[in-house]
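Content type mmCIF, C-alpha atoms (C1' of nucleotides), from the file my_file_23.cif:
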```
data_work
#
loop_
_atom_site.label_atom_id
_atom_site.label_comp_id
_atom_site.auth_asym_id
_atom_site.auth_seq_id
_atom_site.Cartn_x
_atom_site.Cartn_y
_atom_site.Cartn_z
CA MET A 229 -17.83 -2.24 -4.24
CA CYS A 230 -15.24 0.37 -4.50
CA GLY A 231 -12.86 0.73 -7.39
CA ARG A 232 -12.29 4.45 -7.63
CA ALA A 233 -11.97 7.18 -5.05
CA ARG A 234 -11.01 10.70 -4.32
CA CYS A 235 -7.94 10.70 -2.13
CA THR A 236 -6.58 14.15 -1.51
CA VAL A 237 -6.22 13.93 2.21
CA ARG A 238 -2.97 15.36 3.40
CA VAL A 239 -0.64 12.86 4.92
CA ASP A 240 -0.31 14.90 8.04
CA ALA A 241 -4.08 14.90 8.45
CA VAL A 242 -4.62 11.20 8.04
CA GLY A 243 -3.84 10.37 11.64
CA ARG A 244 -6.28 12.95 12.89
CA ALA A 245 -8.93 11.70 10.52
CA CYS A 246 -8.52 8.33 12.21
CA GLY A 247 -8.74 9.81 15.64
CA PHE A 248 -5.11 10.08 16.68
CA SER A 249 -4.36 13.27 18.49
CA ALA A 250 -0.60 13.13 18.19
CA PRO A 251 1.03 13.43 14.79
CA LEU A 252 1.95 10.10 13.28
CA ARG A 253 5.24 9.11 11.75
CA SER A 254 4.92 8.60 8.04
CA VAL A 255 6.51 6.12 5.68
CA ASN A 256 6.95 6.65 1.95
CA ALA A 257 4.87 9.78 2.03
CA ASP A 258 6.75 11.02 -0.99
CA ARG A 259 5.18 8.38 -3.16
CA TYR A 260 1.68 9.60 -2.55
CA GLN A 261 0.16 11.81 -5.21
CA PRO A 262 -3.15 13.20 -4.04
CA SER A 263 -5.78 12.70 -6.70
CA TYR A 264 -9.47 13.13 -7.24
CA ASN A 265 -9.45 9.90 -9.18
CA VAL A 266 -7.39 7.15 -7.65
CA ALA A 267 -7.60 3.62 -8.96
CA PRO A 268 -5.96 0.42 -7.81
CA GLY A 269 -2.23 0.62 -8.28
CA ALA A 270 -2.03 4.12 -6.86
CA HIS A 271 -0.25 4.96 -3.65
CA MET A 272 -2.54 5.94 -0.81
CA PRO A 273 -1.95 6.76 2.83
CA VAL A 274 -2.76 3.89 5.12
CA VAL A 275 -2.67 3.75 8.90
CA ARG A 276 -1.24 0.60 10.34
CA HIS A 277 0.55 -0.45 13.48
CA ASP A 278 4.27 -0.83 13.31
CA GLY A 279 6.57 -2.49 15.79
CA ALA A 280 5.80 -4.79 18.63
CA GLY A 281 5.41 -4.46 22.34
CA ASP A 282 6.45 -1.07 23.60
CA ALA A 283 7.60 -0.06 20.17
CA ARG A 284 4.19 -0.63 18.69
CA GLU A 285 2.87 2.58 17.25
CA PRO A 286 0.50 3.71 14.54
CA VAL A 287 2.13 5.03 11.39
CA VAL A 288 0.88 6.51 8.16
CA HIS A 289 2.33 4.23 5.54
CA CYS A 290 1.74 5.03 1.90
CA MET A 291 1.00 1.78 0.13
CA ARG A 292 -0.37 0.80 -3.22
CA TRP A 293 -4.04 -0.04 -3.51
CA GLY A 294 -4.70 -3.60 -4.67
CA LEU A 295 -3.45 -6.51 -2.64
CA VAL A 296 -0.49 -8.40 -3.96
CA PRO A 297 -0.22 -11.29 -1.55
CA ASN A 298 3.01 -12.37 -0.05
CA PHE A 299 2.99 -15.59 -2.04
CA ALA A 300 2.41 -14.00 -5.43
CA LYS A 301 4.75 -15.29 -8.08
CA LYS A 302 7.79 -13.18 -8.41
CA SER A 303 7.98 -14.09 -12.04
CA GLU A 304 5.03 -11.99 -13.05
CA LYS A 305 4.10 -8.40 -12.67
CA PRO A 306 2.06 -7.60 -9.60
CA ASP A 307 -1.63 -7.30 -10.42
CA PHE A 308 -3.25 -4.59 -8.37
CA TYR A 309 -6.68 -5.17 -9.82
CA ARG A 310 -7.31 -8.67 -8.80
CA MET A 311 -7.76 -8.05 -5.10
CA PHE A 312 -8.50 -4.40 -4.53
CA ASN A 313 -11.60 -5.36 -2.57
CA ALA A 314 -12.23 -8.12 -0.06
CA ARG A 315 -15.69 -9.25 0.90
CA SER A 316 -16.04 -8.90 4.63
CA GLU A 317 -18.58 -11.70 4.72
CA SER A 318 -16.10 -14.22 3.42
CA VAL A 319 -12.79 -12.68 4.34
CA HIS A 320 -12.00 -15.28 6.95
CA GLN A 321 -12.55 -18.19 4.66
CA LYS A 322 -10.54 -16.89 1.78
CA ILE A 323 -7.01 -18.11 1.85
CA SER A 324 -5.56 -14.90 0.55
CA PHE A 325 -7.17 -12.73 3.18
CA ARG A 326 -7.58 -14.90 6.21
CA ARG A 327 -3.91 -14.82 7.07
CA LEU A 328 -3.98 -11.06 7.22
CA LEU A 329 -6.78 -10.72 9.73
CA ALA A 330 -4.70 -11.21 12.82
CA LYS A 331 -1.83 -8.85 12.23
CA ASN A 332 -2.34 -6.92 9.06
CA ARG A 333 -5.41 -4.84 9.55
CA CYS A 334 -5.19 -1.21 8.58
CA LEU A 335 -7.20 1.86 7.71
CA THR A 336 -7.34 4.06 4.69
CA THR A 337 -8.96 7.46 4.43
CA VAL A 338 -10.56 9.04 1.39
CA GLU A 339 -12.89 11.95 1.00
CA GLY A 340 -15.22 9.91 -1.13
CA PHE A 341 -15.56 7.18 -3.70
CA TYR A 342 -17.29 6.63 -7.01
CA GLU A 343 -19.82 4.13 -8.21
CA TRP A 344 -21.22 3.70 -11.68
CA LYS A 345 -24.88 3.09 -12.12
CA LYS A 346 -25.98 1.67 -15.37
CA ASP A 347 -28.89 3.31 -16.99
CA GLY A 348 -29.58 1.41 -20.11
CA GLN A 349 -26.47 1.53 -22.19
CA LYS A 350 -24.92 4.39 -20.32
CA LYS A 351 -23.09 4.28 -17.10
CA GLN A 352 -23.42 7.29 -14.90
CA PRO A 353 -20.78 7.80 -12.21
CA TYR A 354 -21.75 9.14 -8.81
CA TYR A 355 -19.56 10.64 -6.12
CA ILE A 356 -20.36 9.36 -2.66
CA HIS A 357 -19.11 11.23 0.36
CA MET A 358 -19.90 12.76 3.73
CA GLN A 359 -22.17 15.70 3.53
CA ASP A 360 -19.82 17.76 5.67
CA GLY A 361 -16.78 16.80 3.63
CA HIS A 362 -15.03 14.80 6.32
CA PRO A 363 -12.97 11.86 5.16
CA LEU A 364 -14.32 8.35 5.29
CA VAL A 365 -12.32 5.75 7.15
CA PHE A 366 -12.27 2.37 5.44
CA ALA A 367 -11.36 -0.97 6.95
CA ALA A 368 -8.51 -2.53 5.03
CA LEU A 369 -5.93 -5.30 5.07
CA TYR A 370 -2.36 -5.07 3.89
CA ASP A 371 0.37 -7.45 2.85
CA THR A 372 3.94 -7.32 1.69
CA TRP A 373 5.55 -8.78 -1.40
CA GLU A 374 9.18 -8.90 -2.22
CA SER A 375 9.93 -7.95 -5.76
CA PRO A 376 12.54 -9.79 -7.80
CA GLU A 377 14.81 -6.84 -7.19
CA GLY A 378 14.43 -7.30 -3.50
CA ASP A 379 12.22 -4.31 -2.82
CA MET A 380 9.42 -4.70 -0.36
CA LEU A 381 6.07 -3.82 -1.87
CA TYR A 382 3.29 -2.88 0.51
CA THR A 383 -0.24 -3.24 -0.82
CA PHE A 384 -3.70 -3.19 0.69
CA THR A 385 -7.27 -4.17 -0.05
CA ILE A 386 -10.47 -2.46 1.03
CA LEU A 387 -13.15 -4.48 2.75
CA THR A 388 -16.64 -4.35 1.31
CA THR A 389 -20.06 -5.21 2.56
CA ARG A 390 -23.55 -5.25 1.19
CA VAL A 391 -24.95 -1.79 0.69
CA SER A 392 -27.04 0.08 3.16
CA LYS A 393 -30.72 0.39 2.43
CA ARG A 394 -30.25 3.95 1.37
CA LEU A 395 -27.60 3.12 -1.16
CA GLU A 396 -29.48 0.25 -2.64
CA TRP A 397 -30.75 1.93 -5.74
CA LEU A 398 -27.22 2.93 -6.68
CA HIS A 399 -25.32 -0.26 -6.13
CA ASP A 400 -25.22 -3.49 -4.24
CA ARG A 401 -21.83 -3.37 -2.54
CA MET A 402 -20.05 -0.64 -0.63
CA PRO A 403 -16.80 -0.26 1.28
CA VAL A 404 -16.75 -0.97 5.00
CA ILE A 405 -16.90 2.49 6.52
CA LEU A 406 -15.74 2.69 10.11
CA LYS A 407 -17.76 5.19 12.02
CA GLY A 408 -16.71 6.58 15.34
CA GLN A 409 -13.59 6.19 17.36
CA ASP A 410 -14.55 2.95 19.03
CA THR A 411 -15.08 1.30 15.70
CA ILE A 412 -11.81 2.53 14.31
CA ASP A 413 -9.86 1.47 17.38
CA SER A 414 -11.57 -1.83 17.36
CA TRP A 415 -10.50 -2.57 13.82
CA LEU A 416 -6.96 -1.44 14.33
CA ASN A 417 -6.28 -3.11 17.64
CA ASP A 418 -5.87 -6.78 18.18
CA ASN A 419 -9.12 -7.95 19.56
CA LEU A 420 -11.50 -9.09 16.97
CA SER A 421 -14.18 -11.55 17.79
CA GLU A 422 -16.79 -12.75 15.46
CA ASP A 423 -19.30 -10.47 17.07
CA VAL A 424 -17.11 -7.44 16.84
CA MET A 425 -16.26 -8.23 13.28
CA LYS A 426 -19.89 -8.47 12.40
CA LYS A 427 -20.62 -5.19 14.04
CA LEU A 428 -17.79 -3.37 12.35
CA THR A 429 -18.74 -4.49 8.90
CA GLN A 430 -22.31 -3.30 8.99
CA PRO A 431 -23.15 -1.09 6.03
CA TYR A 432 -23.12 2.60 6.77
CA GLU A 433 -26.71 3.73 7.07
CA ALA A 434 -26.58 7.28 8.37
CA PRO A 435 -28.06 10.00 6.19
CA ASP A 436 -24.93 12.10 6.17
CA LEU A 437 -23.48 9.87 3.47
CA ILE A 438 -24.70 11.44 0.29
CA TRP A 439 -24.06 11.26 -3.44
CA TYR A 440 -24.64 13.03 -6.68
CA PRO A 441 -23.86 12.41 -10.33
CA VAL A 442 -20.56 13.59 -11.75
CA THR A 443 -19.09 13.86 -15.19
CA PRO A 444 -18.62 10.60 -17.04
CA ALA A 445 -15.27 12.01 -18.11
CA MET A 446 -13.87 10.86 -14.80
CA GLY A 447 -14.10 7.32 -16.01
CA LYS A 448 -10.75 7.94 -17.57
CA PRO A 449 -8.18 7.53 -14.82
CA ALA A 450 -6.06 10.34 -16.23
CA PHE A 451 -8.91 12.74 -15.62
CA ASN A 452 -8.06 13.35 -12.02
CA GLY A 453 -8.67 16.95 -11.13
CA PRO A 454 -11.27 18.62 -8.92
CA GLU A 455 -13.72 18.52 -11.82
CA CYS A 456 -14.22 14.88 -10.94
CA ILE A 457 -16.40 15.76 -7.99
CA GLU A 458 -18.38 18.57 -9.53
CA GLU A 459 -22.01 17.78 -9.50
CA ILE A 460 -23.70 17.57 -12.84
CA LYS A 461 -27.27 17.43 -13.90
CA PRO A 462 -27.78 13.86 -14.86
CA LYS A 463 -28.56 13.40 -18.51
CA VAL A 464 -29.85 10.05 -17.69
CA ALA A 465 -32.95 8.57 -19.12
CA GLY A 466 -35.65 8.42 -16.55
CA GLU A 467 -33.93 10.76 -14.22
CA SER A 468 -34.73 13.98 -15.92
CA ASN A 469 -37.30 16.64 -15.41
CA ILE A 470 -39.77 15.50 -12.87
CA ALA A 471 -37.49 13.07 -11.20
CA GLN A 472 -34.85 15.71 -10.84
CA MET A 473 -37.24 18.14 -9.30
CA PHE A 474 -38.25 15.52 -6.88
CA GLY A 475 -34.71 14.82 -6.01
CA LYS A 476 -34.00 18.45 -5.49
CA GLN A 477 -36.86 18.87 -3.18
CA LEU A 478 -35.92 15.86 -1.23
CA ALA A 479 -32.37 16.93 -0.88
CA GLN A 480 -33.51 20.14 0.62
CA GLU A 481 -35.62 18.43 3.15
CA ASN A 482 -32.75 16.33 4.14
CA LYS A 483 -30.51 19.26 4.64
CA SER A 484 -32.38 19.97 7.79
CA HIS A 485 -30.93 17.05 9.58
CA VAL A 486 -27.31 17.24 8.85
CA ASN A 487 -25.35 16.01 11.75
CA LYS A 488 -21.73 16.10 12.58
CA VAL A 489 -19.70 13.00 12.47
CA MET A 490 -17.06 11.97 14.89
CA SER A 491 -15.85 14.30 17.49
CA GLN A 492 -12.61 15.14 15.87
CA ASP A 493 -11.38 18.47 14.96
CA ILE A 494 -10.90 18.38 11.27
CA LYS A 495 -10.15 21.63 9.65
CA ASP A 496 -10.25 23.02 6.19
CA GLU A 497 -6.52 22.88 5.94
CA ASP A 498 -6.65 19.15 6.14
CA PHE A 499 -7.96 18.93 2.65
CA LEU A 500 -6.42 19.90 -0.58
CA ASN A 501 -8.56 22.53 -2.16
CA ASP A 502 -8.48 23.44 -5.80
CA GLU A 503 -5.62 25.87 -5.43
CA ASP A 504 -3.51 23.40 -3.56
CA PHE A 505 -4.22 20.81 -6.12
CA LYS A 506 -3.29 22.94 -9.06
CA ALA A 507 -0.17 24.03 -7.28
CA LEU A 508 0.64 20.46 -6.64
CA LEU A 509 0.22 19.57 -10.24
CA ALA A 510 2.47 22.44 -11.07
CA GLY A 511 5.09 20.89 -8.90
CA MET A 512 4.92 23.21 -5.97
CA GLN A 513 4.63 22.20 -2.41
CA PRO A 514 1.06 22.44 -1.28
CA ASP A 515 2.09 24.04 1.92
CA GLN A 516 3.93 27.00 0.69
CA ASP A 517 2.42 30.18 -0.52
CA VAL A 518 -0.57 29.19 -2.62
CA SER A 519 -2.79 31.94 -1.39
CA GLU A 520 -4.75 31.11 1.63
CA ALA A 521 -7.39 29.58 -0.46
CA VAL A 522 -10.01 27.84 1.59
CA SER A 523 -12.70 29.80 -0.15
CA HIS A 524 -14.55 27.20 -2.08
CA SER A 525 -13.38 23.87 -1.00
CA GLU A 526 -15.82 21.32 0.21
CA TYR A 527 -18.29 23.62 1.62
CA SER A 528 -19.20 25.79 -1.24
CA SER A 529 -19.70 22.82 -3.44
CA LEU A 530 -21.91 21.43 -0.80
CA ASP A 531 -24.15 24.37 -1.18
CA ARG A 532 -24.76 23.27 -4.67
CA LEU A 533 -25.90 19.95 -3.48
CA ASN A 534 -29.16 19.06 -4.98
CA THR A 535 -30.70 16.46 -7.16
CA GLN A 536 -31.48 13.26 -5.48
CA ALA A 537 -28.46 13.49 -3.34
CA THR A 538 -30.00 11.99 -0.31
CA PRO A 539 -32.76 9.52 -0.69
CA LYS A 540 -34.76 9.28 2.42
CA GLU A 541 -34.14 6.85 5.15
CA GLU A 542 -36.61 4.23 4.34
CA ALA A 543 -38.16 5.74 1.31
CA PRO A 544 -37.87 3.52 -1.70
CA PRO A 545 -35.73 4.78 -4.52
CA LEU A 546 -37.11 7.87 -6.08
CA ILE A 547 -36.55 6.50 -9.45
CA LYS A 548 -37.36 3.00 -10.08
CA PRO A 549 -34.35 1.80 -11.99
CA GLU A 550 -36.16 -0.83 -13.94
CA THR A 551 -39.34 1.00 -14.54
CA LYS A 552 -38.20 3.34 -17.19
CA GLU A 553 -35.44 2.72 -19.58
CA GLU A 554 -37.19 3.48 -22.84
CA ASP A 555 -39.61 5.93 -21.38
CA PRO A 556 -39.51 9.10 -23.35
CA PRO A 557 -39.49 12.15 -21.17
CA LEU A 558 -42.77 13.92 -20.94
CA ILE A 559 -41.16 16.90 -22.38
CA LYS A 560 -38.62 16.46 -25.01
CA PRO A 561 -35.37 17.78 -23.71
CA GLU A 562 -33.44 19.87 -26.09
CA THR A 563 -31.39 18.09 -28.64
CA LYS A 564 -29.21 15.64 -26.97
CA GLU A 565 -26.37 14.76 -29.17
CA GLU A 566 -25.75 11.61 -27.28
CA ASP A 567 -29.20 10.36 -27.79
CA PRO A 568 -29.19 7.15 -29.71
CA PRO A 569 -32.02 7.15 -32.22
CA LEU A 570 -34.22 4.16 -32.26
CA ILE A 571 -32.66 3.16 -35.47
CA LYS A 572 -29.11 3.87 -36.00
CA PRO A 573 -28.68 6.09 -38.98
CA GLU A 574 -25.52 5.21 -40.72
CA THR A 575 -24.51 8.78 -40.56
CA LYS A 576 -21.63 7.67 -38.51
CA GLU A 577 -18.88 9.16 -40.50
CA GLU A 578 -15.70 8.68 -38.68
CA ASP A 579 -13.01 8.73 -41.21
CA PRO A 580 -10.11 6.96 -39.74
CA PRO A 581 -7.00 8.93 -40.39
CA LEU A 582 -4.17 6.99 -41.80
CA ILE A 583 -2.13 7.99 -38.92
CA LYS A 584 -3.53 8.16 -35.50
CA PRO A 585 -3.61 11.73 -34.36
CA GLU A 586 -1.40 11.57 -31.40
CA THR A 587 -3.39 11.45 -28.30
CA LYS A 588 -1.88 14.07 -26.21
CA GLU A 589 -3.58 13.31 -23.05
CA ASP A 590 -1.48 12.08 -20.35
CA HIS A 591 1.23 13.46 -18.35
CA VAL A 592 0.94 10.57 -16.12
CA PRO A 593 3.55 10.49 -13.48
CA GLN A 594 6.49 8.28 -13.90
CA THR A 595 6.56 4.70 -12.97
CA ASN A 596 7.24 4.07 -9.42
CA LYS A 597 10.43 2.40 -8.96
CA GLU A 598 9.87 0.89 -5.61
CA GLU A 599 13.18 1.60 -4.30
CA ASP A 600 14.69 0.18 -1.29
CA SER A 601 13.63 2.40 1.48
CA ALA A 602 15.15 2.71 4.82
CA THR A 603 12.00 1.21 6.04
CA ALA A 604 12.53 -1.81 8.10
CA GLY A 605 10.45 -4.80 7.25
CA VAL A 606 7.64 -5.43 9.56
CA LYS A 607 8.63 -7.68 12.30
CA GLN A 608 5.61 -9.76 12.57
CA LYS A 609 5.66 -11.42 15.85
CA GLN A 610 2.99 -13.95 15.94
CA SER A 611 0.97 -13.74 19.01
CA ASN A 612 -2.07 -15.05 20.68
CA LEU A 613 -5.68 -14.90 19.65
CA LEU A 614 -7.61 -15.81 16.61
CA GLY A 615 -8.81 -19.28 16.99
CA PHE A 616 -11.95 -17.54 16.03
CA PHE A 617 -11.71 -17.37 12.35
CA SER A 618 -11.85 -21.02 11.79
CA LYS A 619 -15.47 -21.29 11.12
CA GLU A 620 -17.19 -21.97 7.89
"C1'" DC B 280 2.95 -37.03 -2.44
"C1'" DC B 281 2.96 -32.81 -5.89
"C1'" DA B 282 0.43 -29.22 -8.55
"C1'" DG B 283 -2.21 -25.43 -8.64
"C1'" DA B 284 -4.93 -21.96 -6.85
"C1'" DC B 285 -5.40 -18.26 -3.91
"C1'" DG B 286 -10.15 -12.45 -5.90
"C1'" DT B 287 -13.86 -9.08 -6.99
"C1'" DT B 288 -17.32 -7.26 -10.09
"C1'" DG B 289 -21.27 -7.79 -12.86
"C1'" DT B 290 -24.19 -10.09 -16.70
"C1'" DT B 291 -28.46 -12.02 -18.98
"C1'" DG C 152 1.86 -19.42 3.20
"C1'" DT C 153 -2.09 -22.73 3.05
"C1'" DC C 154 -5.71 -25.16 1.17
"C1'" DT C 155 -7.87 -28.17 -2.50
"C1'" DG C 156 -7.64 -31.57 -6.06
"C1'" DG C 157 -5.62 -35.50 -8.28
"C1'" DC D 300 -13.27 0.15 -11.52
"C1'" DC D 301 -13.16 2.17 -16.73
"C1'" DA D 302 -10.72 3.01 -21.26
"C1'" DG D 303 -8.73 1.38 -25.09
"C1'" DA D 304 -6.90 -1.87 -28.00
"C1'" DC D 305 -7.61 -5.90 -30.49
"C1'" DG D 306 -2.96 -7.52 -36.74
"C1'" DT D 307 0.56 -8.70 -40.19
"C1'" DT D 308 4.56 -7.84 -43.21
"C1'" DG D 309 8.59 -5.84 -43.94
"C1'" DT D 310 11.21 -1.37 -43.81
"C1'" DT D 311 15.16 2.57 -42.88
"C1'" DG E 180 -15.89 -10.44 -26.39
"C1'" DT E 181 -11.51 -10.23 -23.96
"C1'" DC E 182 -7.27 -8.63 -22.61
"C1'" DT E 183 -4.10 -4.87 -21.07
"C1'" DG E 184 -3.09 -0.53 -18.96
"C1'" DG E 185 -3.89 3.16 -15.55
#
```
For the file at hand, write its structure as structure tokens.
Amino acid sequence: MCGRARCTVRVDAVGRACGFSAPLRSVNADRYQPSYNVAPGAHMPVVRHDGAGDAREPVVHCMRWGLVPNFAKKSEKPDFYRMFNARSESVHQKISFRRLLAKNRCLTTVEGFYEWKKDGQKKQPYYIHMQDGHPLVFAALYDTWESPEGDMLYTFTILTTRVSKRLEWLHDRMPVILKGQDTIDSWLNDNLSEDVMKKLTQPYEAPDLIWYPVTPAMGKPAFNGPECIEEIKPKVAGESNIAQMFGKQLAQENKSHVNKVMSQDIKDEDFLNDEDFKALLAGMQPDQDVSEAVSHSEYSSLDRLNTQATPKEEAPPLIKPETKEEDPPLIKPETKEEDPPLIKPETKEEDPPLIKPETKEDHVPQTNKEEDSATAGVKQKQSNLLGFFSKE
DNA sequence: CCAGACGTTGTT
DNA sequence: GTCTGG
DNA sequence: CCAGACGTTGTT
DNA sequence: GTCTGG
């Protein structure tokens, strides 16, 4: 599945990432805060078609992740976590999604997403992304919901599918990644047959989708800087020492067949690098000044790629997830503070202060007051097609 | 007819 | 909105 | 998705 | 465990 992502793509690069050569009009771009750790509820750039007939055109519309269906009760707060994913296998038999298939398909682009793999008690997050740093294009559906105040809320959900063979050891679901222009166009334009649908929702198998472990600190949504995607050495039971060496070696082998994806011309400037991001946090415009940066964006961090980043095509998982668990490493790693002893010593001496030390932690942006924008509501003109999705 | 649900994970 | 359950 | 809280009384 | 918040 997909419940967390890095979304730092610039709004003006989203269209290109989806294969549009001309710049796209944008809607509510101001609400989008690029982040290395977006969760449902956040605003993200989405490409959808707006208008009908001759006026029909693709736009980059910043919407909130997590579908709030049109019929949601106005009496309660919108819940962005209930439907942030939609299973592609069942999407046409689910009431909440089926209605969106004809006219409300859209795309969203992220540089990568996170999955947590449980290793015993611990959960280790991994960052999954294209080896060359290009954004991933996800298939998505959007809907609108009118708030009690009369504002129109746009939300979307990301389609998921079973995982590719390669990703199997990590997880069992993954987002529907559209690969290639034909696939993207197919999803966006109004001609979906069952066959096409099936083809589009195949799990992404190519070896240029890679992953590595990242700091567990990114589990906290407020931890949303570039550190989120820094590779760490997994301190995971069963994945240390030998396994790591193996992974490293394998990753190197795999480096030999890196291939380029899509024929588009995506440049460094399309991504927020660390400098841009810091500037952004500081309230500056990413575009102005901010050195020329570039230096160590995607690519330098890619050089540090190692550890079982890329399991082989059909090779079984390097590390058998179930096989280990309690296996002590051959060589005792240096003192791990986190290591739970077999028997819990009661040394746990956390004296609760009478008064909670104030958790200075968040500077979380303000609440979004979905104000009435000049945006016209979508004129949904029902039209032809789609007798298809009435199967069971 | 009206009322109520409408979704995804992951877990042992 | 649209489907299921009573 | 993960993180963090999870309660009452009565008070200035 | 279960709910809320981001």
Item to check | Ground truth for the PyMOL selection byres ((chain A) within 8 of (chain E)), written as a PyMOL selection string | outcome: chain A and resi 267+269+449-450
Checklist entry - Residues of chain D within 9 Å of chain A, using all atoms listed in the file, as a list in words? => result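 Every residue meeting the condition is included here: DC300, DC301 and DA302 of chain D.
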Item to check | Distance in Å - CA of Thr337 (chain A) versus CA of Glu317 (chain A) | outcome: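 CA of Glu317 (chain A) lies at a distance of 21.4 Å from CA of Thr337 (chain A).
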Next on the checklist: I want to know what sits within 7 Å of Pro431 (chain A), based on all atoms listed in the file, with residues of the same chain fewer than 3 positions away left out; could you give that as a ChimeraX atom specification?
Outcome noted: /A:389-392,404
Item to check | Residue IDs satisfying the PyMOL selection byres ((chain B and resi 286) around 9), as a PyMOL selection string | outcome: (chain A and resi 309-314+322+324) or (chain B and resi 285+287)
Item to check | Separation of CA of Gln321 (chain A) from CA of Val296 (chain A), in Å and rounded to one decimal | outcome: 17.8 Å
